[in-house]
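Coordinates from run_27.pdb are shown below (PDB, C-alpha atoms and all ligand atoms).
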```pdb
ATOM      1  CA  MET A  16     -24.725  33.101 -30.544
ATOM      2  CA  ALA A  17     -23.366  30.425 -28.220
ATOM      3  CA  GLY A  18     -21.955  31.634 -24.901
ATOM      4  CA  TYR A  19     -18.253  32.008 -24.215
ATOM      5  CA  LEU A  20     -16.483  28.724 -23.527
ATOM      6  CA  THR A  21     -12.777  28.170 -22.997
ATOM      7  CA  ARG A  22     -10.560  25.446 -21.608
ATOM      8  CA  PHE A  23      -7.294  24.700 -19.856
ATOM      9  CA  ALA A  24      -5.740  21.566 -21.353
ATOM     10  CA  PRO A  25      -2.685  20.342 -19.446
ATOM     11  CA  SER A  26      -0.817  17.097 -20.054
ATOM     12  CA  PRO A  27      -0.214  15.077 -16.857
ATOM     13  CA  THR A  28       3.483  14.564 -17.535
ATOM     14  CA  GLY A  29       4.789  16.424 -14.472
ATOM     15  CA  PRO A  30       3.768  18.920 -11.812
ATOM     16  CA  LEU A  31       1.961  22.104 -12.817
ATOM     17  CA  HIS A  32       4.266  25.082 -12.440
ATOM     18  CA  LEU A  33       3.781  28.838 -12.315
ATOM     19  CA  GLY A  34       3.328  28.996 -16.101
ATOM     20  CA  HIS A  35       0.392  26.587 -15.908
ATOM     21  CA  ALA A  36      -1.113  28.541 -13.025
ATOM     22  CA  TYR A  37      -0.915  31.692 -15.135
ATOM     23  CA  SER A  38      -2.541  29.988 -18.114
ATOM     24  CA  ALA A  39      -5.345  28.392 -16.099
ATOM     25  CA  LEU A  40      -6.064  31.592 -14.136
ATOM     26  CA  THR A  41      -6.084  33.659 -17.341
ATOM     27  CA  ALA A  42      -8.562  31.299 -19.032
ATOM     28  CA  PHE A  43     -10.734  31.109 -15.922
ATOM     29  CA  GLY A  44     -10.697  34.893 -15.551
ATOM     30  CA  ARG A  45     -11.739  35.423 -19.160
ATOM     31  CA  ALA A  46     -14.596  32.941 -18.813
ATOM     32  CA  GLN A  47     -15.779  34.703 -15.643
ATOM     33  CA  ALA A  48     -15.542  38.151 -17.218
ATOM     34  CA  GLN A  49     -17.736  36.993 -20.131
ATOM     35  CA  GLY A  50     -20.179  35.075 -17.945
ATOM     36  CA  GLY A  51     -19.035  31.960 -19.781
ATOM     37  CA  THR A  52     -17.734  28.483 -19.026
ATOM     38  CA  PHE A  53     -14.250  27.245 -18.142
ATOM     39  CA  LEU A  54     -13.458  23.589 -18.884
ATOM     40  CA  LEU A  55     -10.567  21.429 -17.825
ATOM     41  CA  ARG A  56      -9.369  18.840 -20.351
ATOM     42  CA  ILE A  57      -6.669  16.261 -19.677
ATOM     43  CA  GLU A  58      -4.383  15.829 -22.689
ATOM     44  CA  ASP A  59      -3.004  12.365 -22.014
ATOM     45  CA  ILE A  60      -2.505  10.831 -25.463
ATOM     46  CA  ASP A  61       1.185  10.223 -24.782
ATOM     47  CA  ARG A  62       0.684   7.227 -22.498
ATOM     48  CA  SER A  63       4.415   6.719 -22.034
ATOM     49  CA  ARG A  64       4.829  10.117 -20.344
ATOM     50  CA  CYS A  65       1.501  10.587 -18.516
ATOM     51  CA  ARG A  66       0.997   9.397 -14.919
ATOM     52  CA  PRO A  67      -2.215   9.126 -12.831
ATOM     53  CA  GLU A  68      -0.501  10.837  -9.902
ATOM     54  CA  TRP A  69       0.236  13.900 -12.018
ATOM     55  CA  GLU A  70      -3.390  13.971 -13.143
ATOM     56  CA  ALA A  71      -4.566  13.829  -9.505
ATOM     57  CA  GLN A  72      -2.139  16.642  -8.646
ATOM     58  CA  ILE A  73      -3.585  18.787 -11.460
ATOM     59  CA  TYR A  74      -7.100  18.578  -9.967
ATOM     60  CA  ASP A  75      -5.747  19.267  -6.510
ATOM     61  CA  ASP A  76      -3.614  22.264  -7.496
ATOM     62  CA  LEU A  77      -6.334  23.862  -9.617
ATOM     63  CA  HIS A  78      -8.981  23.462  -6.897
ATOM     64  CA  TRP A  79      -6.538  24.947  -4.414
ATOM     65  CA  LEU A  80      -6.040  27.922  -6.755
ATOM     66  CA  GLY A  81      -9.800  28.479  -6.572
ATOM     67  CA  LEU A  82     -10.776  27.172  -9.999
ATOM     68  CA  SER A  83     -13.814  25.033 -10.720
ATOM     69  CA  TRP A  84     -15.152  23.383 -13.858
ATOM     70  CA  PRO A  85     -18.027  21.159 -14.929
ATOM     71  CA  GLU A  86     -17.624  17.396 -14.518
ATOM     72  CA  PRO A  87     -16.944  14.975 -16.053
ATOM     73  CA  VAL A  88     -13.586  16.138 -17.328
ATOM     74  CA  MET A  89     -12.750  15.083 -20.876
ATOM     75  CA  ARG A  90      -9.658  12.879 -21.091
ATOM     76  CA  GLN A  91      -8.046  12.441 -24.477
ATOM     77  CA  SER A  92      -7.140   8.821 -23.787
ATOM     78  CA  ASP A  93     -10.916   8.095 -23.930
ATOM     79  CA  ARG A  94     -11.264   9.785 -27.306
ATOM     80  CA  LEU A  95      -9.213   7.627 -29.672
ATOM     81  CA  PRO A  96     -12.273   6.577 -31.757
ATOM     82  CA  ALA A  97     -13.104  10.259 -32.397
ATOM     83  CA  TYR A  98      -9.550  10.905 -33.617
ATOM     84  CA  ALA A  99      -9.658   7.798 -35.823
ATOM     85  CA  ALA A 100     -12.942   9.020 -37.354
ATOM     86  CA  ALA A 101     -11.398  12.435 -38.117
ATOM     87  CA  LEU A 102      -8.397  10.745 -39.737
ATOM     88  CA  ASP A 103     -10.750   8.642 -41.861
ATOM     89  CA  ARG A 104     -12.497  11.786 -43.100
ATOM     90  CA  LEU A 105      -9.202  13.382 -44.061
ATOM     91  CA  ALA A 106      -8.048  10.154 -45.733
ATOM     92  CA  ALA A 107     -11.285  10.046 -47.731
ATOM     93  CA  LEU A 108     -10.451  13.534 -49.002
ATOM     94  CA  GLY A 109      -7.135  12.133 -50.294
ATOM     95  CA  LEU A 110      -5.058  14.367 -47.993
ATOM     96  CA  LEU A 111      -3.074  11.804 -45.983
ATOM     97  CA  TYR A 112      -0.147   9.507 -46.597
ATOM     98  CA  PRO A 113       1.848   7.009 -44.531
ATOM     99  CA  CYS A 114       5.425   7.911 -43.620
ATOM    100  CA  ARG A 115       8.116   5.630 -42.264
ATOM    101  CA  CYS A 116      10.934   8.187 -42.101
ATOM    102  CA  THR A 117      12.900   8.380 -38.875
ATOM    103  CA  ARG A 118      14.266  11.682 -37.567
ATOM    104  CA  ALA A 119      17.675  10.644 -38.930
ATOM    105  CA  ASP A 120      16.173   9.992 -42.409
ATOM    106  CA  ILE A 121      14.638  13.463 -42.360
ATOM    107  CA  ARG A 122      17.905  15.102 -41.284
ATOM    108  CA  ALA A 123      19.776  13.273 -44.046
ATOM    109  CA  ALA A 124      17.232  14.307 -46.695
ATOM    110  CA  LEU A 125      17.561  17.918 -45.554
ATOM    111  CA  SER A 126      21.309  18.147 -46.071
ATOM    112  CA  ALA A 127      21.055  21.312 -48.193
ATOM    113  CA  PRO A 128      20.864  24.208 -45.692
ATOM    114  CA  GLN A 129      18.143  26.136 -47.549
ATOM    115  CA  GLU A 130      15.902  23.102 -47.210
ATOM    116  CA  GLY A 131      16.071  23.159 -43.437
ATOM    117  CA  ALA A 132      13.185  25.551 -42.571
ATOM    118  CA  MET A 133      11.910  24.976 -39.043
ATOM    119  CA  GLY A 134       8.182  24.585 -38.476
ATOM    120  CA  PRO A 135       6.274  24.319 -35.189
ATOM    121  CA  ASP A 136       7.079  20.584 -35.045
ATOM    122  CA  GLY A 137      10.712  20.830 -36.154
ATOM    123  CA  PRO A 138      12.219  20.750 -39.652
ATOM    124  CA  VAL A 139       9.763  21.017 -42.542
ATOM    125  CA  TYR A 140       9.339  17.481 -43.875
ATOM    126  CA  PRO A 141      11.086  17.013 -47.255
ATOM    127  CA  GLY A 142       8.283  14.869 -48.711
ATOM    128  CA  THR A 143      10.164  11.580 -49.085
ATOM    129  CA  CYS A 144       7.051   9.402 -48.514
ATOM    130  CA  ARG A 145       4.489  11.741 -50.110
ATOM    131  CA  HIS A 146       3.942   9.407 -53.084
ATOM    132  CA  ARG A 147       2.849   6.517 -50.856
ATOM    133  CA  PRO A 148      -0.864   5.550 -50.878
ATOM    134  CA  MET A 149      -2.827   5.076 -47.638
ATOM    135  CA  THR A 150      -3.491   1.479 -48.657
ATOM    136  CA  GLU A 151       0.160   0.823 -47.731
ATOM    137  CA  ALA A 152      -0.181   2.222 -44.187
ATOM    138  CA  GLY A 153       1.018  -0.193 -41.504
ATOM    139  CA  PRO A 154       2.015  -0.147 -37.823
ATOM    140  CA  GLN A 155       5.482   1.217 -38.676
ATOM    141  CA  ASP A 156       4.019   4.320 -40.319
ATOM    142  CA  ALA A 157       3.142   7.746 -39.055
ATOM    143  CA  ILE A 158       0.355   9.499 -40.991
ATOM    144  CA  ARG A 159       1.114  12.886 -42.546
ATOM    145  CA  LEU A 160      -1.069  15.604 -44.035
ATOM    146  CA  ASP A 161      -0.211  16.608 -47.598
ATOM    147  CA  MET A 162      -0.089  20.343 -46.901
ATOM    148  CA  ALA A 163      -0.208  21.586 -50.500
ATOM    149  CA  LYS A 164      -3.281  19.472 -51.273
ATOM    150  CA  ALA A 165      -4.958  20.380 -47.989
ATOM    151  CA  MET A 166      -4.444  24.111 -48.552
ATOM    152  CA  ALA A 167      -5.586  23.864 -52.171
ATOM    153  CA  LEU A 168      -8.822  22.369 -50.867
ATOM    154  CA  SER A 169      -9.380  24.793 -47.987
ATOM    155  CA  GLY A 170      -8.097  28.034 -49.543
ATOM    156  CA  SER A 171      -6.109  30.528 -47.442
ATOM    157  CA  ILE A 172      -6.907  30.418 -43.764
ATOM    158  CA  SER A 173      -7.290  33.039 -41.078
ATOM    159  CA  PHE A 174      -8.037  33.423 -37.415
ATOM    160  CA  CYS A 175      -8.746  36.227 -35.013
ATOM    161  CA  GLU A 176      -6.257  36.739 -32.188
ATOM    162  CA  TYR A 177      -7.400  38.765 -29.163
ATOM    163  CA  GLY A 178      -4.352  38.224 -26.939
ATOM    164  CA  PRO A 179      -2.349  41.387 -26.253
ATOM    165  CA  LEU A 180       0.898  40.135 -27.840
ATOM    166  CA  ARG A 181      -0.265  39.617 -31.450
ATOM    167  CA  ALA A 182      -3.814  40.955 -31.550
ATOM    168  CA  GLY A 183      -5.424  41.123 -34.982
ATOM    169  CA  LEU A 184      -6.603  39.047 -37.911
ATOM    170  CA  HIS A 185      -3.938  36.569 -39.051
ATOM    171  CA  SER A 186      -4.144  35.141 -42.577
ATOM    172  CA  ILE A 187      -1.860  32.410 -43.829
ATOM    173  CA  SER A 188      -1.377  31.566 -47.514
ATOM    174  CA  LEU A 189      -0.832  28.191 -49.157
ATOM    175  CA  ARG A 190       2.783  29.130 -49.827
ATOM    176  CA  GLN A 191       3.478  30.047 -46.206
ATOM    177  CA  MET A 192       1.898  26.848 -44.968
ATOM    178  CA  VAL A 193       3.901  24.704 -47.379
ATOM    179  CA  GLU A 194       7.200  26.504 -46.790
ATOM    180  CA  THR A 195       7.066  27.113 -43.051
ATOM    181  CA  ILE A 196       4.969  24.229 -41.708
ATOM    182  CA  GLY A 197       4.832  21.517 -44.353
ATOM    183  CA  ASP A 198       3.427  18.000 -44.139
ATOM    184  CA  VAL A 199       2.754  17.679 -40.402
ATOM    185  CA  VAL A 200       2.256  14.342 -38.674
ATOM    186  CA  LEU A 201      -1.418  13.867 -37.732
ATOM    187  CA  ALA A 202      -1.031  10.376 -36.284
ATOM    188  CA  ARG A 203       2.161   9.275 -34.591
ATOM    189  CA  ARG A 204       3.029   5.634 -35.067
ATOM    190  CA  ASP A 205       2.956   4.963 -31.348
ATOM    191  CA  MET A 206      -0.378   6.623 -30.558
ATOM    192  CA  GLY A 207      -2.613   6.818 -33.620
ATOM    193  CA  THR A 208      -3.153  10.548 -33.164
ATOM    194  CA  SER A 209      -1.174  13.731 -32.486
ATOM    195  CA  TYR A 210      -1.475  16.886 -30.444
ATOM    196  CA  HIS A 211      -2.707  18.841 -33.510
ATOM    197  CA  LEU A 212      -5.450  16.408 -34.448
ATOM    198  CA  SER A 213      -6.668  15.750 -30.898
ATOM    199  CA  VAL A 214      -6.776  19.379 -29.865
ATOM    200  CA  THR A 215      -8.756  20.322 -32.971
ATOM    201  CA  VAL A 216     -11.252  17.480 -32.675
ATOM    202  CA  ASP A 217     -11.790  18.104 -28.954
ATOM    203  CA  ASP A 218     -12.092  21.887 -29.110
ATOM    204  CA  ALA A 219     -14.836  21.355 -31.702
ATOM    205  CA  ALA A 220     -16.530  18.547 -29.744
ATOM    206  CA  GLN A 221     -16.619  20.686 -26.597
ATOM    207  CA  GLY A 222     -17.827  23.820 -28.395
ATOM    208  CA  VAL A 223     -14.813  25.923 -27.390
ATOM    209  CA  THR A 224     -15.352  29.506 -28.566
ATOM    210  CA  GLU A 225     -11.960  30.887 -27.483
ATOM    211  CA  VAL A 226      -8.656  29.049 -27.030
ATOM    212  CA  VAL A 227      -6.517  30.569 -24.264
ATOM    213  CA  ARG A 228      -2.939  29.231 -24.135
ATOM    214  CA  GLY A 229       0.731  30.210 -24.248
ATOM    215  CA  ILE A 230       2.296  32.122 -27.123
ATOM    216  CA  ASP A 231       4.587  29.119 -27.741
ATOM    217  CA  LEU A 232       1.596  27.523 -29.509
ATOM    218  CA  PHE A 233       0.853  30.540 -31.710
ATOM    219  CA  GLU A 234       2.571  29.090 -34.807
ATOM    220  CA  ALA A 235       0.699  25.793 -34.422
ATOM    221  CA  THR A 236      -2.629  27.644 -34.605
ATOM    222  CA  ALA A 237      -2.531  27.740 -38.413
ATOM    223  CA  ILE A 238      -2.459  23.929 -38.438
ATOM    224  CA  HIS A 239      -5.472  23.785 -36.124
ATOM    225  CA  VAL A 240      -7.439  26.288 -38.202
ATOM    226  CA  LEU A 241      -6.692  24.306 -41.360
ATOM    227  CA  LEU A 242      -7.919  21.099 -39.704
ATOM    228  CA  GLN A 243     -11.085  22.903 -38.546
ATOM    229  CA  ARG A 244     -11.742  23.908 -42.155
ATOM    230  CA  LEU A 245     -11.132  20.422 -43.510
ATOM    231  CA  LEU A 246     -13.334  18.814 -40.845
ATOM    232  CA  ASN A 247     -16.110  21.424 -41.252
ATOM    233  CA  ASN A 248     -15.724  22.801 -37.736
ATOM    234  CA  SER A 249     -15.980  26.460 -36.854
ATOM    235  CA  THR A 250     -12.860  28.381 -35.879
ATOM    236  CA  PRO A 251     -12.734  29.760 -32.335
ATOM    237  CA  THR A 252     -11.015  33.019 -31.481
ATOM    238  CA  TYR A 253      -7.559  32.790 -29.892
ATOM    239  CA  TRP A 254      -5.889  34.417 -26.912
ATOM    240  CA  HIS A 255      -2.200  33.551 -26.674
ATOM    241  CA  HIS A 256      -0.562  34.848 -23.527
ATOM    242  CA  ASP A 257       3.020  35.565 -22.580
ATOM    243  CA  LEU A 258       5.100  32.809 -20.974
ATOM    244  CA  ILE A 259       6.284  32.886 -17.398
ATOM    245  CA  ARG A 260      10.089  32.813 -17.407
ATOM    246  CA  ASP A 261      12.723  31.919 -14.860
ATOM    247  CA  ASP A 262      15.309  34.375 -13.536
ATOM    248  CA  GLN A 263      17.491  33.779 -16.600
ATOM    249  CA  GLY A 264      14.588  34.597 -18.927
ATOM    250  CA  LYS A 265      14.104  30.971 -19.990
ATOM    251  CA  ARG A 266      10.522  29.715 -20.264
ATOM    252  CA  LEU A 267       9.441  27.264 -17.608
ATOM    253  CA  ALA A 268       9.064  23.609 -18.551
ATOM    254  CA  LYS A 269       7.621  20.692 -16.611
ATOM    255  CA  ARG A 270      11.140  19.750 -15.529
ATOM    256  CA  ASP A 271      11.412  23.078 -13.698
ATOM    257  CA  ASP A 272      10.089  21.400 -10.603
ATOM    258  CA  ALA A 273      11.554  24.190  -8.496
ATOM    259  CA  ARG A 274       8.639  26.314  -9.678
ATOM    260  CA  ALA A 275       6.023  23.593  -9.157
ATOM    261  CA  ILE A 276       2.857  24.840  -7.493
ATOM    262  CA  VAL A 277       2.920  21.863  -5.151
ATOM    263  CA  LEU A 278       6.294  22.989  -3.778
ATOM    264  CA  TYR A 279       5.119  26.550  -3.221
ATOM    265  CA  ARG A 280       2.116  25.077  -1.412
ATOM    266  CA  LYS A 281       4.365  23.008   0.848
ATOM    267  CA  GLU A 282       6.321  26.146   1.666
ATOM    268  CA  GLY A 283       3.135  27.882   2.758
ATOM    269  CA  ALA A 284       2.269  29.964  -0.330
ATOM    270  CA  THR A 285      -1.336  31.130  -0.677
ATOM    271  CA  PRO A 286      -3.389  31.218  -3.891
ATOM    272  CA  ALA A 287      -3.213  35.019  -3.739
ATOM    273  CA  GLY A 288       0.565  34.737  -3.449
ATOM    274  CA  ILE A 289       0.717  32.593  -6.596
ATOM    275  CA  ARG A 290      -1.426  35.120  -8.455
ATOM    276  CA  ALA A 291       0.940  37.883  -7.417
ATOM    277  CA  MET A 292       3.971  35.847  -8.533
ATOM    278  CA  VAL A 293       2.555  35.525 -12.058
ATOM    279  CA  GLY A 294       1.472  39.161 -12.168
ATOM    280  CA  LEU A 295      -2.292  38.708 -11.882
TER     281      LEU A 295
HETATM  282  N1  LIG B   1      -1.723  20.116 -23.826
HETATM  283  C1  LIG B   1      -0.966  21.257 -24.240
HETATM  284  C2  LIG B   1       0.131  21.535 -23.236
HETATM  285  O1  LIG B   1       0.093  21.032 -22.118
HETATM  286  C3  LIG B   1      -1.811  22.511 -24.394
HETATM  287  C4  LIG B   1      -2.644  22.459 -25.598
HETATM  288  C5  LIG B   1      -3.455  23.702 -25.945
HETATM  289  O2  LIG B   1      -3.782  24.489 -25.049
HETATM  290  O3  LIG B   1      -3.792  23.827 -27.110
HETATM  291  O4  LIG B   1       1.047  22.261 -23.574
END
```
I'd like the structure from this file rewritten - as structure tokens, please.
Amino acid sequence: MAGYLTRFAPSPTGPLHLGHAYSALTAFGRAQAQGGTFLLRIEDIDRSRCRPEWEAQIYDDLHWLGLSWPEPVMRQSDRLPAYAAALDRLAALGLLYPCRCTRADIRAALSAPQEGAMGPDGPVYPGTCRHRPMTEAGPQDAIRLDMAKAMALSGSISFCEYGPLRAGLHSISLRQMVETIGDVVLARRDMGTSYHLSVTVDDAAQGVTEVVRGIDLFEATAIHVLLQRLLNNSTPTYWHHDLIRDDQGKRLAKRDDARAIVLYRKEGATPAGIRAMVGL
């Protein structure tokens, strides 16, 4: 069996905060405990929000925290051909369609309240463009996965969660996927890929055996496992950890610069102090 391999995959859209430190330290600690490998991956597909200075700060903060990883670091902005190839495979299976709906179109189509189920990416798509063939796809279109067809092809899906919050084997049926997640966007019109597609393709390309990340991404895991099935990749195990919250109990976001590691550093915090702040 291949050795343990995990990754920390931040997006350089702002300073790393205590929540990122917790996630990176947890992943690094698990890799060390298993005698395995910890990778850093830069998730910079959203070129409008990513900045080189934030990327440089990520390396600096993580080194300061005592983490190390093999070079070179994978950057998603270098991987667009791999995502395009994965999309082509899914298109060849007849599972994709182009969609030109705006958010407002989707809201209008979902006027009946019972049709407004929320999935990990927002409201479950009502299927307005599902009849459209891929031959019609143009620059104004996003590309969606036909969830019912995809699940019919893959059969029910499951993954093994080892994190303390939801440990166990999780199985998701076709009906659940259609009703609670729906036809997710796999390629956004402005970037030719999406978080779901890129993360799946890259975890497979890097041989990740366990994904360590925040529990806010737990619901998205079913999408990733489905894509692994469809692309003939193996499914890693998962470890979703709790989120670090502010004093009001709200989860930290990149805009919570007050909790940025770089600010704690300026105020004289030590790496051990940061560990203590996140309860490690
Ligand atoms: N890039 C994602 C983020 O910064 C994390 C993706 C993942 O760990 O699957 O939230």
Discussion item. Between CA of Leu95 (chain A) and CA of Arg204 (chain A), what distance in Å does the model show, to one decimal?
Written reply: 13.5 Å
Worksheet entry | Spatial neighbours of Asn248 (chain A), max dist 10 Å, only C-alpha atoms, sep filter under 2 positions, as a count of residues only | 15
Practice prompt. Name every residue that the PyMOL selection byres (((not hetatm)) within 6 of (chain B and resi 1)) selects in this structure, writing the answer as number ranges by chain with chains first and numbers rising.
Written response: A: 24-26, 58, 228
Take the residues from that selection and put them in a file with C-alpha atoms, as a compact mmCIF listing (two decimals), in the frame of the given file.
```
# COMPACT_ATOMS: atom_id res chain seq x y z
CA ALA A 24 -5.74 21.57 -21.35
CA PRO A 25 -2.68 20.34 -19.45
CA SER A 26 -0.82 17.10 -20.05
CA GLU A 58 -4.38 15.83 -22.69
CA ARG A 228 -2.94 29.23 -24.14
```
Specify the axis-aligned box that encloses all atoms of region 111-122 of chain A listed in the file after padding of 6 Å on each side, stating its centre and edge lengths in Å to one decimal as lines of an AutoDock Vina configuration file.
```
center_x = 7.4
center_y = 10.4
center_z = -42.1
size_x = 33.0
size_y = 21.5
size_z = 21.0
```
Show which residues sit within 8 Å of Leu258 (chain A), as a PDB file with C-alpha atoms, keeping the file's coordinate frame. Count all atoms listed in the file, and ignore same-chain residues fewer than 3 positions away.
```
ATOM      1  CA  GLY A  34       3.328  28.996 -16.101  1.00  0.00           C
ATOM      2  CA  GLY A 229       0.731  30.210 -24.248  1.00  0.00           C
ATOM      3  CA  ILE A 230       2.296  32.122 -27.123  1.00  0.00           C
ATOM      4  CA  ASP A 231       4.587  29.119 -27.741  1.00  0.00           C
ATOM      5  CA  ARG A 266      10.522  29.715 -20.264  1.00  0.00           C
ATOM      6  CA  LEU A 267       9.441  27.264 -17.608  1.00  0.00           C
TER       7      LEU A 267
END
```
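If you apply the PyMOL selection byres (((chain A and resi 31) around 10) and not hetatm) to this structure, you end up with Pro25, Ser26, Pro27, Thr28, Gly29, Pro30, His32, Leu33, Gly34, His35, Ala36, Trp69, Glu70, Gln72, Ile73, Asp76, Leu77, Ala268, Lys269, Arg270, Asp271, Asp272, Arg274, Ala275, Ile276 and Val277 of chain A.
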Discussion item. Here's a test: counting all atoms listed in the file, identify every protein, DNA and RNA residue with an atom at most 10 Å from (-9.5, 35.0, -21.0) in the file's coordinate frame, and state them as number ranges by chain.
Written reply: A: 19-22, 38-49, 53, 177-178, 225-228, 253-256
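Of the listed residues (A:Asp161, A:Cys116, A:Pro286, A:Ser186), A:Pro286 comes nearest to His78 (chain A); the distances count all atoms listed in the file.
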Discussion item. Please list as a ChimeraX atom specification every residue within 9 Å of region 98-100 of chain A, counting only C-alpha atoms and excluding residues in the same chain fewer than 2 positions away.
Written reply: /A:94-96,102-105,202,207-209,212-213,216-217
Worksheet item: So what does the PyMOL selection byres (((chain A and resi 117) around 12) and not hetatm) actually pick up in this one, as a ChimeraX atom specification?
Response: /A:114-116,118-124,140,143-144,155-157,203-204
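Candidate residues A:Leu160, A:Ile172, A:Gln221, A:Pro141 were compared for distance to Pro87 (chain A), and the nearest is A:Gln221, using all atoms listed in the file.
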Practice prompt. Would you mind reading off the distance between CA of Thr52 (chain A) and CA of Arg66 (chain A), one decimal, in Å?
Written response: 27.1 Å
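Relative to CA of Thr252 (chain A), CA of Ala182 (chain A) is found at 10.7 Å.
In terms of minimum interatomic distance to Arg62 (chain A), A:Arg90 ranks closest within A:Glu234, A:Arg147, A:Gly264, A:Arg90, counting all atoms listed in the file.
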